[in-house]
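Enquirer: File follows, query-v4.pdb with PDB, C-alpha atoms:
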```
ATOM      1  CA  MET A   1      42.537 143.193 -89.318
ATOM      2  CA  THR A   2      38.804 142.739 -89.134
ATOM      3  CA  THR A   3      36.743 143.168 -86.013
ATOM      4  CA  SER A   4      33.591 141.289 -85.329
ATOM      5  CA  PRO A   5      30.752 142.889 -83.384
ATOM      6  CA  ALA A   6      30.595 142.100 -79.698
ATOM      7  CA  PRO A   7      28.207 139.264 -78.920
ATOM      8  CA  ALA A   8      24.711 140.382 -78.020
ATOM      9  CA  ARG A   9      24.063 140.321 -74.301
ATOM     10  CA  ARG A  10      21.446 137.757 -73.386
ATOM     11  CA  PRO A  11      18.987 138.561 -70.581
ATOM     12  CA  SER A  12      19.528 136.706 -67.325
ATOM     13  CA  LEU A  13      17.338 133.718 -66.501
ATOM     14  CA  PRO A  14      15.116 135.663 -64.049
ATOM     15  CA  ASP A  15      14.652 138.374 -66.679
ATOM     16  CA  ARG A  16      13.745 135.815 -69.333
ATOM     17  CA  VAL A  17      11.242 134.278 -66.922
ATOM     18  CA  ARG A  18       9.710 137.719 -66.225
ATOM     19  CA  ARG A  19       9.523 138.412 -69.947
ATOM     20  CA  GLU A  20       7.879 135.085 -70.771
ATOM     21  CA  VAL A  21       5.398 135.379 -67.890
ATOM     22  CA  TYR A  22       4.400 138.808 -69.191
ATOM     23  CA  LEU A  23       4.086 137.507 -72.759
ATOM     24  CA  THR A  24       1.989 134.583 -71.529
ATOM     25  CA  ARG A  25      -0.376 136.992 -69.832
ATOM     26  CA  VAL A  26      -0.588 139.020 -73.046
ATOM     27  CA  SER A  27      -1.238 135.793 -74.984
ATOM     28  CA  TRP A  28      -4.027 134.865 -72.613
ATOM     29  CA  ALA A  29      -5.639 138.275 -73.069
ATOM     30  CA  MET A  30      -5.273 138.047 -76.865
ATOM     31  CA  GLN A  31      -6.380 134.460 -77.365
ATOM     32  CA  ASP A  32      -9.134 135.565 -79.733
ATOM     33  CA  TYR A  33      -6.734 137.654 -81.865
ATOM     34  CA  PRO A  34      -5.995 136.170 -85.325
ATOM     35  CA  SER A  35      -3.310 133.623 -84.498
ATOM     36  CA  LYS A  36      -0.980 134.325 -87.417
ATOM     37  CA  ALA A  37      -0.918 138.042 -86.703
ATOM     38  CA  PHE A  38      -0.469 137.453 -82.997
ATOM     39  CA  THR A  39       2.538 135.220 -83.605
ATOM     40  CA  GLY A  40       4.255 138.186 -85.258
ATOM     41  CA  ILE A  41       3.199 140.574 -82.514
ATOM     42  CA  LYS A  42       4.506 138.254 -79.816
ATOM     43  CA  ARG A  43       7.826 137.869 -81.597
ATOM     44  CA  GLU A  44       8.149 141.638 -81.954
ATOM     45  CA  LEU A  45       7.174 142.237 -78.343
ATOM     46  CA  ARG A  46       9.771 139.754 -77.167
ATOM     47  CA  ALA A  47      12.444 141.486 -79.242
ATOM     48  CA  GLU A  48      11.368 144.965 -78.077
ATOM     49  CA  MET A  49      11.315 143.872 -74.433
ATOM     50  CA  THR A  50      14.765 142.382 -74.738
ATOM     51  CA  ALA A  51      16.063 145.515 -76.469
ATOM     52  CA  ALA A  52      14.485 147.785 -73.849
ATOM     53  CA  ALA A  53      15.792 145.600 -71.031
ATOM     54  CA  ALA A  54      19.331 146.066 -72.347
ATOM     55  CA  GLU A  55      18.883 149.797 -71.718
ATOM     56  CA  VAL A  56      16.669 150.094 -68.642
ATOM     57  CA  GLY A  57      16.342 146.586 -67.214
ATOM     58  CA  MET A  58      13.564 144.053 -67.675
ATOM     59  CA  ARG A  59      11.507 145.293 -64.727
ATOM     60  CA  GLN A  60      11.320 148.804 -66.175
ATOM     61  CA  ALA A  61      10.713 147.464 -69.690
ATOM     62  CA  ILE A  62       7.698 145.537 -68.379
ATOM     63  CA  THR A  63       6.482 148.515 -66.361
ATOM     64  CA  ASP A  64       6.669 150.682 -69.497
ATOM     65  CA  LEU A  65       4.458 148.241 -71.384
ATOM     66  CA  GLY A  66       1.727 148.520 -68.774
ATOM     67  CA  HIS A  67      -0.795 145.890 -67.759
ATOM     68  CA  PRO A  68      -0.912 142.942 -70.184
ATOM     69  CA  ARG A  69      -4.675 143.232 -70.582
ATOM     70  CA  VAL A  70      -4.459 146.939 -71.440
ATOM     71  CA  LEU A  71      -1.722 146.219 -73.976
ATOM     72  CA  ALA A  72      -3.873 143.449 -75.479
ATOM     73  CA  GLU A  73      -6.825 145.822 -75.684
ATOM     74  CA  GLY A  74      -4.582 148.322 -77.466
ATOM     75  CA  TYR A  75      -3.656 145.788 -80.145
ATOM     76  CA  THR A  76      -7.268 144.679 -80.517
ATOM     77  CA  ALA A  77      -8.476 148.278 -80.807
ATOM     78  CA  GLU A  78      -5.894 149.004 -83.501
ATOM     79  CA  LEU A  79      -7.187 146.003 -85.457
ATOM     80  CA  GLY A  80     -10.215 148.159 -86.236
ATOM     81  CA  ARG A  81     -12.846 145.412 -86.003
ATOM     82  CA  ARG A  82     -14.503 143.375 -83.318
ATOM     83  CA  LEU A  83     -13.301 139.814 -82.884
ATOM     84  CA  PRO A  84     -15.282 136.676 -82.079
ATOM     85  CA  ARG A  85     -14.612 135.361 -78.579
ATOM     86  CA  TYR A  86     -13.724 131.771 -79.395
ATOM     87  CA  ALA A  87     -12.687 130.856 -75.849
ATOM     88  CA  THR A  88     -15.957 132.179 -74.442
ATOM     89  CA  GLY A  89     -17.861 130.268 -77.130
ATOM     90  CA  ALA A  90     -16.052 127.033 -76.281
ATOM     91  CA  ALA A  91     -16.824 127.524 -72.582
ATOM     92  CA  ALA A  92     -20.486 128.158 -73.395
ATOM     93  CA  ALA A  93     -20.624 124.985 -75.522
ATOM     94  CA  VAL A  94     -19.090 122.887 -72.731
ATOM     95  CA  LEU A  95     -21.516 124.350 -70.192
ATOM     96  CA  ALA A  96     -24.516 123.738 -72.451
ATOM     97  CA  VAL A  97     -23.601 120.098 -73.122
ATOM     98  CA  GLY A  98     -22.791 119.705 -69.415
ATOM     99  CA  ALA A  99     -26.279 120.978 -68.588
ATOM    100  CA  LEU A 100     -27.788 118.338 -70.910
ATOM    101  CA  VAL A 101     -25.721 115.597 -69.263
ATOM    102  CA  TYR A 102     -26.799 116.867 -65.838
ATOM    103  CA  LEU A 103     -30.470 116.800 -66.888
ATOM    104  CA  ALA A 104     -30.073 113.273 -68.240
ATOM    105  CA  GLY A 105     -28.530 112.219 -64.926
ATOM    106  CA  ALA A 106     -31.357 113.837 -62.973
ATOM    107  CA  TYR A 107     -33.910 112.091 -65.214
ATOM    108  CA  ALA A 108     -32.188 108.726 -64.652
ATOM    109  CA  THR A 109     -32.042 109.230 -60.882
ATOM    110  CA  GLY A 110     -35.727 110.170 -60.791
ATOM    111  CA  THR A 111     -36.668 107.161 -62.878
ATOM    112  CA  LEU A 112     -34.704 104.783 -60.616
ATOM    113  CA  ASP A 113     -36.365 106.323 -57.537
ATOM    114  CA  ALA A 114     -39.785 105.829 -59.124
ATOM    115  CA  ILE A 115     -39.000 102.182 -59.929
ATOM    116  CA  GLU A 116     -37.907 101.649 -56.313
ATOM    117  CA  ALA A 117     -41.105 103.277 -55.029
ATOM    118  CA  MET A 118     -43.121 100.868 -57.151
ATOM    119  CA  GLY A 119     -41.352  97.861 -55.627
ATOM    120  CA  GLY A 120     -38.419  97.547 -58.001
ATOM    121  CA  GLY A 121     -37.988  96.120 -61.457
ATOM    122  CA  THR A 122     -36.840  97.071 -64.927
ATOM    123  CA  VAL A 123     -38.148  99.789 -67.236
ATOM    124  CA  THR A 124     -37.115 100.320 -70.853
ATOM    125  CA  THR A 125     -37.679 103.676 -72.563
ATOM    126  CA  HIS A 126     -36.645 105.160 -75.924
ATOM    127  CA  PRO A 127     -35.623 108.790 -75.312
ATOM    128  CA  LEU A 128     -34.391 110.370 -78.570
ATOM    129  CA  GLY A 129     -34.332 106.935 -80.211
ATOM    130  CA  ALA A 130     -31.858 105.432 -77.736
ATOM    131  CA  VAL A 131     -32.900 102.191 -76.058
ATOM    132  CA  THR A 132     -32.450 102.919 -72.349
ATOM    133  CA  THR A 133     -33.001 100.327 -69.624
ATOM    134  CA  PHE A 134     -33.399 101.349 -65.978
ATOM    135  CA  THR A 135     -33.010  98.555 -63.418
ATOM    136  CA  HIS A 136     -33.577  98.866 -59.682
ATOM    137  CA  THR A 137     -33.789  95.567 -57.840
ATOM    138  CA  ALA A 138     -32.449  94.230 -54.569
ATOM    139  CA  THR A 139     -29.303  93.043 -56.358
ATOM    140  CA  GLU A 140     -28.873  95.529 -59.207
ATOM    141  CA  LEU A 141     -28.960  99.280 -59.726
ATOM    142  CA  SER A 142     -28.102 100.243 -63.293
ATOM    143  CA  VAL A 143     -28.858 102.374 -66.335
ATOM    144  CA  GLN A 144     -27.917 101.087 -69.773
ATOM    145  CA  THR A 145     -28.281 103.206 -72.856
ATOM    146  CA  SER A 146     -26.929 103.638 -76.361
ATOM    147  CA  MET A 147     -26.126 106.604 -78.542
ATOM    148  CA  SER A 148     -28.677 107.408 -81.248
ATOM    149  CA  TRP A 149     -28.246 109.792 -84.122
ATOM    150  CA  GLN A 150     -31.071 111.903 -82.698
ATOM    151  CA  GLY A 151     -29.227 112.211 -79.376
ATOM    152  CA  ALA A 152     -25.957 113.000 -81.085
ATOM    153  CA  LEU A 153     -27.701 115.618 -83.229
ATOM    154  CA  MET A 154     -29.317 117.259 -80.209
ATOM    155  CA  HIS A 155     -26.034 117.450 -78.282
ATOM    156  CA  GLY A 156     -24.174 118.685 -81.343
ATOM    157  CA  ALA A 157     -26.789 121.313 -82.142
ATOM    158  CA  THR A 158     -26.873 122.499 -78.521
ATOM    159  CA  ALA A 159     -23.097 122.827 -78.475
ATOM    160  CA  ALA A 160     -23.093 124.610 -81.836
ATOM    161  CA  VAL A 161     -25.786 127.123 -80.856
ATOM    162  CA  ALA A 162     -24.066 127.824 -77.521
ATOM    163  CA  PHE A 163     -20.726 128.269 -79.303
ATOM    164  CA  VAL A 164     -22.158 130.665 -81.901
ATOM    165  CA  LEU A 165     -23.952 132.751 -79.288
ATOM    166  CA  GLY A 166     -21.098 132.664 -76.756
ATOM    167  CA  SER A 167     -18.392 133.511 -79.263
ATOM    168  CA  ARG A 168     -20.458 136.132 -81.114
ATOM    169  CA  LEU A 169     -19.401 134.337 -84.263
ATOM    170  CA  TRP A 170     -21.330 136.748 -86.478
ATOM    171  CA  ARG A 171     -18.504 139.227 -85.925
ATOM    172  CA  LEU A 172     -16.628 137.293 -88.616
ATOM    173  CA  LEU A 173     -19.077 138.744 -91.138
ATOM    174  CA  GLY A 174     -17.805 142.237 -90.454
TER     175      GLY A 174
ATOM    176  CA  MET B 175      -1.684 169.922 -65.770
ATOM    177  CA  ALA B 176      -2.431 166.296 -66.629
ATOM    178  CA  ARG B 177      -2.958 165.636 -70.325
ATOM    179  CA  ASP B 178      -6.226 164.048 -71.429
ATOM    180  CA  PRO B 179      -5.215 160.684 -72.956
ATOM    181  CA  GLN B 180      -8.215 160.780 -75.274
ATOM    182  CA  LEU B 181      -6.918 163.989 -76.847
ATOM    183  CA  LEU B 182      -3.548 162.379 -77.488
ATOM    184  CA  LYS B 183      -4.994 159.134 -78.795
ATOM    185  CA  GLY B 184      -6.262 160.689 -82.020
ATOM    186  CA  VAL B 185      -3.023 162.401 -82.951
ATOM    187  CA  LEU B 186      -0.505 159.827 -81.740
ATOM    188  CA  PRO B 187      -0.280 157.941 -85.074
ATOM    189  CA  MET B 188       0.496 161.255 -86.782
ATOM    190  CA  LEU B 189       3.176 162.027 -84.202
ATOM    191  CA  VAL B 190       4.677 158.566 -84.659
ATOM    192  CA  LEU B 191       4.802 159.052 -88.440
ATOM    193  CA  ARG B 192       6.311 162.506 -88.044
ATOM    194  CA  THR B 193       8.953 161.246 -85.634
ATOM    195  CA  LEU B 194       9.851 158.383 -87.956
ATOM    196  CA  ALA B 195       9.951 160.774 -90.920
ATOM    197  CA  HIS B 196      12.649 162.675 -89.102
ATOM    198  CA  GLN B 197      14.681 159.582 -88.257
ATOM    199  CA  GLU B 198      14.056 155.843 -88.346
ATOM    200  CA  SER B 199      13.867 154.258 -84.906
ATOM    201  CA  TYR B 200      13.288 150.990 -83.139
ATOM    202  CA  GLY B 201      10.253 150.774 -80.878
ATOM    203  CA  TYR B 202      11.765 151.660 -77.533
ATOM    204  CA  GLU B 203      13.875 154.438 -79.014
ATOM    205  CA  LEU B 204      10.782 155.896 -80.647
ATOM    206  CA  VAL B 205       9.039 155.959 -77.286
ATOM    207  CA  THR B 206      11.952 157.769 -75.658
ATOM    208  CA  ARG B 207      12.052 160.276 -78.534
ATOM    209  CA  LEU B 208       8.349 161.008 -78.101
ATOM    210  CA  GLN B 209       8.895 161.398 -74.356
ATOM    211  CA  ALA B 210      11.831 163.718 -74.972
ATOM    212  CA  ALA B 211       9.621 165.765 -77.291
ATOM    213  CA  GLY B 212       7.277 166.508 -74.404
ATOM    214  CA  LEU B 213       4.998 163.484 -74.252
ATOM    215  CA  GLU B 214       6.466 162.362 -70.937
ATOM    216  CA  ASP B 215       3.458 160.258 -69.994
ATOM    217  CA  ILE B 216       3.435 158.212 -73.196
ATOM    218  CA  ALA B 217       4.019 154.495 -72.567
ATOM    219  CA  ALA B 218       5.619 151.859 -74.744
ATOM    220  CA  GLY B 219       2.424 149.856 -74.431
ATOM    221  CA  THR B 220       0.553 152.670 -76.172
ATOM    222  CA  VAL B 221       2.995 153.048 -79.040
ATOM    223  CA  TYR B 222       3.618 149.388 -79.998
ATOM    224  CA  PRO B 223       0.023 148.649 -81.096
ATOM    225  CA  ILE B 224       0.100 151.788 -83.253
ATOM    226  CA  LEU B 225       3.374 150.708 -84.870
ATOM    227  CA  SER B 226       1.806 147.319 -85.565
ATOM    228  CA  ARG B 227      -1.206 148.894 -87.294
ATOM    229  CA  LEU B 228       0.842 151.414 -89.287
ATOM    230  CA  GLU B 229       3.048 148.607 -90.556
ATOM    231  CA  ARG B 230       0.029 146.459 -91.402
ATOM    232  CA  GLU B 231      -1.439 149.364 -93.379
ATOM    233  CA  GLY B 232       1.827 149.845 -95.260
ATOM    234  CA  LEU B 233       2.484 153.335 -93.890
ATOM    235  CA  ILE B 234       5.738 152.250 -92.303
ATOM    236  CA  THR B 235       8.127 149.419 -93.010
ATOM    237  CA  SER B 236      10.868 147.857 -90.962
ATOM    238  CA  ARG B 237      14.331 146.357 -91.166
ATOM    239  CA  LEU B 238      16.358 144.369 -88.677
ATOM    240  CA  VAL B 239      19.623 145.901 -87.522
ATOM    241  CA  PRO B 240      22.086 143.871 -85.425
ATOM    242  CA  SER B 241      22.843 145.348 -82.030
ATOM    243  CA  THR B 242      25.841 144.849 -79.774
ATOM    244  CA  SER B 243      23.789 145.416 -76.627
ATOM    245  CA  GLY B 244      20.978 142.980 -77.279
ATOM    246  CA  PRO B 245      19.038 141.213 -80.006
ATOM    247  CA  ALA B 246      18.656 142.568 -83.525
ATOM    248  CA  ARG B 247      16.455 145.627 -83.408
ATOM    249  CA  LYS B 248      13.550 146.282 -85.671
ATOM    250  CA  TYR B 249      13.933 149.771 -87.092
ATOM    251  CA  TYR B 250      10.803 151.403 -88.467
ATOM    252  CA  LEU B 251      10.854 153.870 -91.314
ATOM    253  CA  LEU B 252       8.262 155.712 -93.345
ATOM    254  CA  THR B 253       7.070 154.407 -96.704
ATOM    255  CA  THR B 254       5.974 156.619 -99.596
ATOM    256  CA  ALA B 255       2.355 155.911 -98.661
ATOM    257  CA  GLY B 256       3.167 156.828 -95.076
ATOM    258  CA  ASP B 257       4.711 160.101 -96.199
ATOM    259  CA  GLU B 258       1.592 160.965 -98.189
ATOM    260  CA  HIS B 259      -0.631 159.961 -95.275
ATOM    261  CA  LEU B 260       1.427 162.129 -92.958
ATOM    262  CA  GLY B 261       0.961 165.115 -95.270
ATOM    263  CA  HIS B 262      -2.823 164.658 -95.234
ATOM    264  CA  ALA B 263      -2.849 164.107 -91.462
ATOM    265  CA  VAL B 264      -0.831 167.261 -90.805
ATOM    266  CA  ALA B 265      -3.070 169.316 -93.084
ATOM    267  CA  GLY B 266      -6.136 167.901 -91.354
ATOM    268  CA  TRP B 267      -4.658 168.674 -87.968
ATOM    269  CA  HIS B 268      -3.942 172.309 -88.884
ATOM    270  CA  THR B 269      -7.489 172.730 -90.158
ATOM    271  CA  LEU B 270      -8.946 171.179 -87.022
ATOM    272  CA  SER B 271      -6.738 173.089 -84.605
ATOM    273  CA  ALA B 272      -7.568 176.372 -86.353
ATOM    274  CA  THR B 273     -11.266 175.611 -86.057
ATOM    275  CA  VAL B 274     -10.929 174.609 -82.415
ATOM    276  CA  ALA B 275      -8.946 177.749 -81.633
ATOM    277  CA  GLN B 276     -11.575 179.872 -83.360
ATOM    278  CA  VAL B 277     -14.352 178.300 -81.284
ATOM    279  CA  LEU B 278     -12.427 178.565 -78.037
ATOM    280  CA  GLU B 279     -11.465 182.195 -78.587
ATOM    281  CA  ARG B 280     -15.010 183.285 -79.372
ATOM    282  CA  PRO B 281     -16.203 185.538 -76.512
ATOM    283  CA  PRO B 282     -19.173 184.214 -74.557
ATOM    284  CA  THR B 283     -22.444 185.999 -75.422
ATOM    285  CA  ALA B 284     -24.003 185.502 -71.984
ATOM    286  CA  ALA B 285     -22.818 184.529 -68.564
ATOM    287  CA  PRO B 286     -23.355 180.833 -67.788
ATOM    288  CA  ALA B 287     -26.579 180.285 -65.865
ATOM    289  CA  ALA B 288     -25.918 179.837 -62.179
ATOM    290  CA  ALA B 289     -27.720 177.075 -60.374
ATOM    291  CA  ALA B 290     -30.815 178.735 -58.897
ATOM    292  CA  PRO B 291     -32.465 177.417 -55.766
ATOM    293  CA  PRO B 292     -35.691 175.523 -56.470
ATOM    294  CA  THR B 293     -38.839 177.609 -56.230
ATOM    295  CA  ASP B 294     -41.827 176.246 -54.368
ATOM    296  CA  THR B 295     -44.813 177.212 -56.539
ATOM    297  CA  THR B 296     -47.364 175.295 -54.518
ATOM    298  CA  ARG B 297     -47.113 177.493 -51.443
ATOM    299  CA  ASP B 298     -50.012 179.934 -50.963
ATOM    300  CA  GLN B 299     -49.137 183.538 -51.563
ATOM    301  CA  PRO B 300     -49.940 185.993 -48.696
TER     302      PRO B 300
END
```
Could you spell out this file's structure in structure tokens?

Expert:
Amino acid sequence: MTTSPAPARRPSLPDRVRREVYLTRVSWAMQDYPSKAFTGIKRELRAEMTAAAAEVGMRQAITDLGHPRVLAEGYTAELGRRLPRYATGAAAAVLAVGALVYLAGAYATGTLDAIEAMGGGTVTTHPLGAVTTFTHTATELSVQTSMSWQGALMHGATAAVAFVLGSRLWRLLG
Amino acid sequence: MARDPQLLKGVLPMLVLRTLAHQESYGYELVTRLQAAGLEDIAAGTVYPILSRLEREGLITSRLVPSTSGPARKYYLLTTAGDEHLGHAVAGWHTLSATVAQVLERPPTAAPAAAAPPTDTTRDQP
């Protein structure tokens, strides 16, 4: 007669939720870690947490791992090199482009106010090669513009510079 | 007396290799073995990143072993390179600890200077 091994005990739903919440917090703290390597680490952590939970319970297994950020810092430190901060770079790029859009909006508002102060009318300008028409009359308040390659280049370059500086991209060089 | 974690940090990879050289273990078991050996304050979160690096550097390898009380467990064991590395690390540790002991046991040549009260040199002498 042959005997098959007893089926592995699966953690309860609350324990699985606790485990996944913890792993999500670790993932958030390690979002700049090389993704392929992190996939392996996350898989191993999940297996280790499940194995430890079978012996001491999921709460204790999570307590033993410590704070997710500290654990993430441990993995990053053991990598032996400094990593670019891609998420920070992306945030910096969005903020920089947002600042440009805000400035353009402020410029448009100021121009419309000036047209109103002069008695109303229409003004056409060519900022960065884009034909832009400001209209402020008794019946119409509008700004019409188009995208030029110079404007696209300026926004792209601003985003790129902000991303490089924010992410410390030079860390890729060693 | 509380142990300085910075002191332990430098030797922990060597202790992990030595523990695995004695017997292969899965992560949590390794932690409990280190705790049983006297490192009561060691945490799983400290050991797992070290295991990850040692495996990446080829000093340890792993194999999955089915378990009846949970998922398949990843057992770590020393590689030949890990065994050689351990030998160098142990030799380096003995050299360092001997040097440290020699420095610590050297008798002080003079008593440490006590903090003297400040002297007011601007006051007129009688």

Enquirer: Using all atoms listed in the file, find the one residue out of A:His126, A:Arg10, A:Arg59, A:Arg171 that sits nearest to chain B.

Expert: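 Using all atoms listed in the file, chain B sits closest to A:Arg10.
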
Enquirer: Just so the selection is clear, what residues does the PyMOL selection byres ((chain A) within 10 of (chain B)) cover here, as a PyMOL selection string?

Expert: chain A and resi 5-11+37+40-41+44-55+61-68+70-80

Enquirer: Hey, what's within 8 Å of stretch 166-169 of chain A if we count only C-alpha atoms and toss same-chain stuff fewer than 3 positions away? As a PyMOL selection string, please?

Expert: chain A and resi 84-93+162-163+172

Enquirer: Counting all atoms listed in the file, which of A:Leu173, A:Leu128, A:Val143, A:Ala138 gets nearest to A:Leu112?

Expert: A:Val143

Enquirer: Set the distance at 12 Å and use all atoms listed in the file: which residues neighbour A:Ser142 once local chain neighbours fewer than 3 positions away are removed? I'd like the list as an MDAnalysis selection string.

Expert: chainID A and resid 108:109 111:113 115 120:124 132:139 145

Enquirer: Measuring atom to atom with all atoms listed in the file, identify which of B:Ala275, B:Pro179, B:Arg192, B:Leu204 is nearest to B:Gly261.

Expert: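 Of the candidates, the smallest distance to B:Gly261 is held by B:Arg192.
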
Enquirer: So what do you get for atom CA of A:Tyr22 versus atom CA of B:Asp215, distance-wise?

Expert: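 Answer for the atom CA of A:Tyr22 to atom CA of B:Asp215 separation: 21.5 Å.
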
Enquirer: Atom CA of B:Gly184 to atom CA of A:Gln31: how many Å, to one decimal?

Expert: 26.6 Å
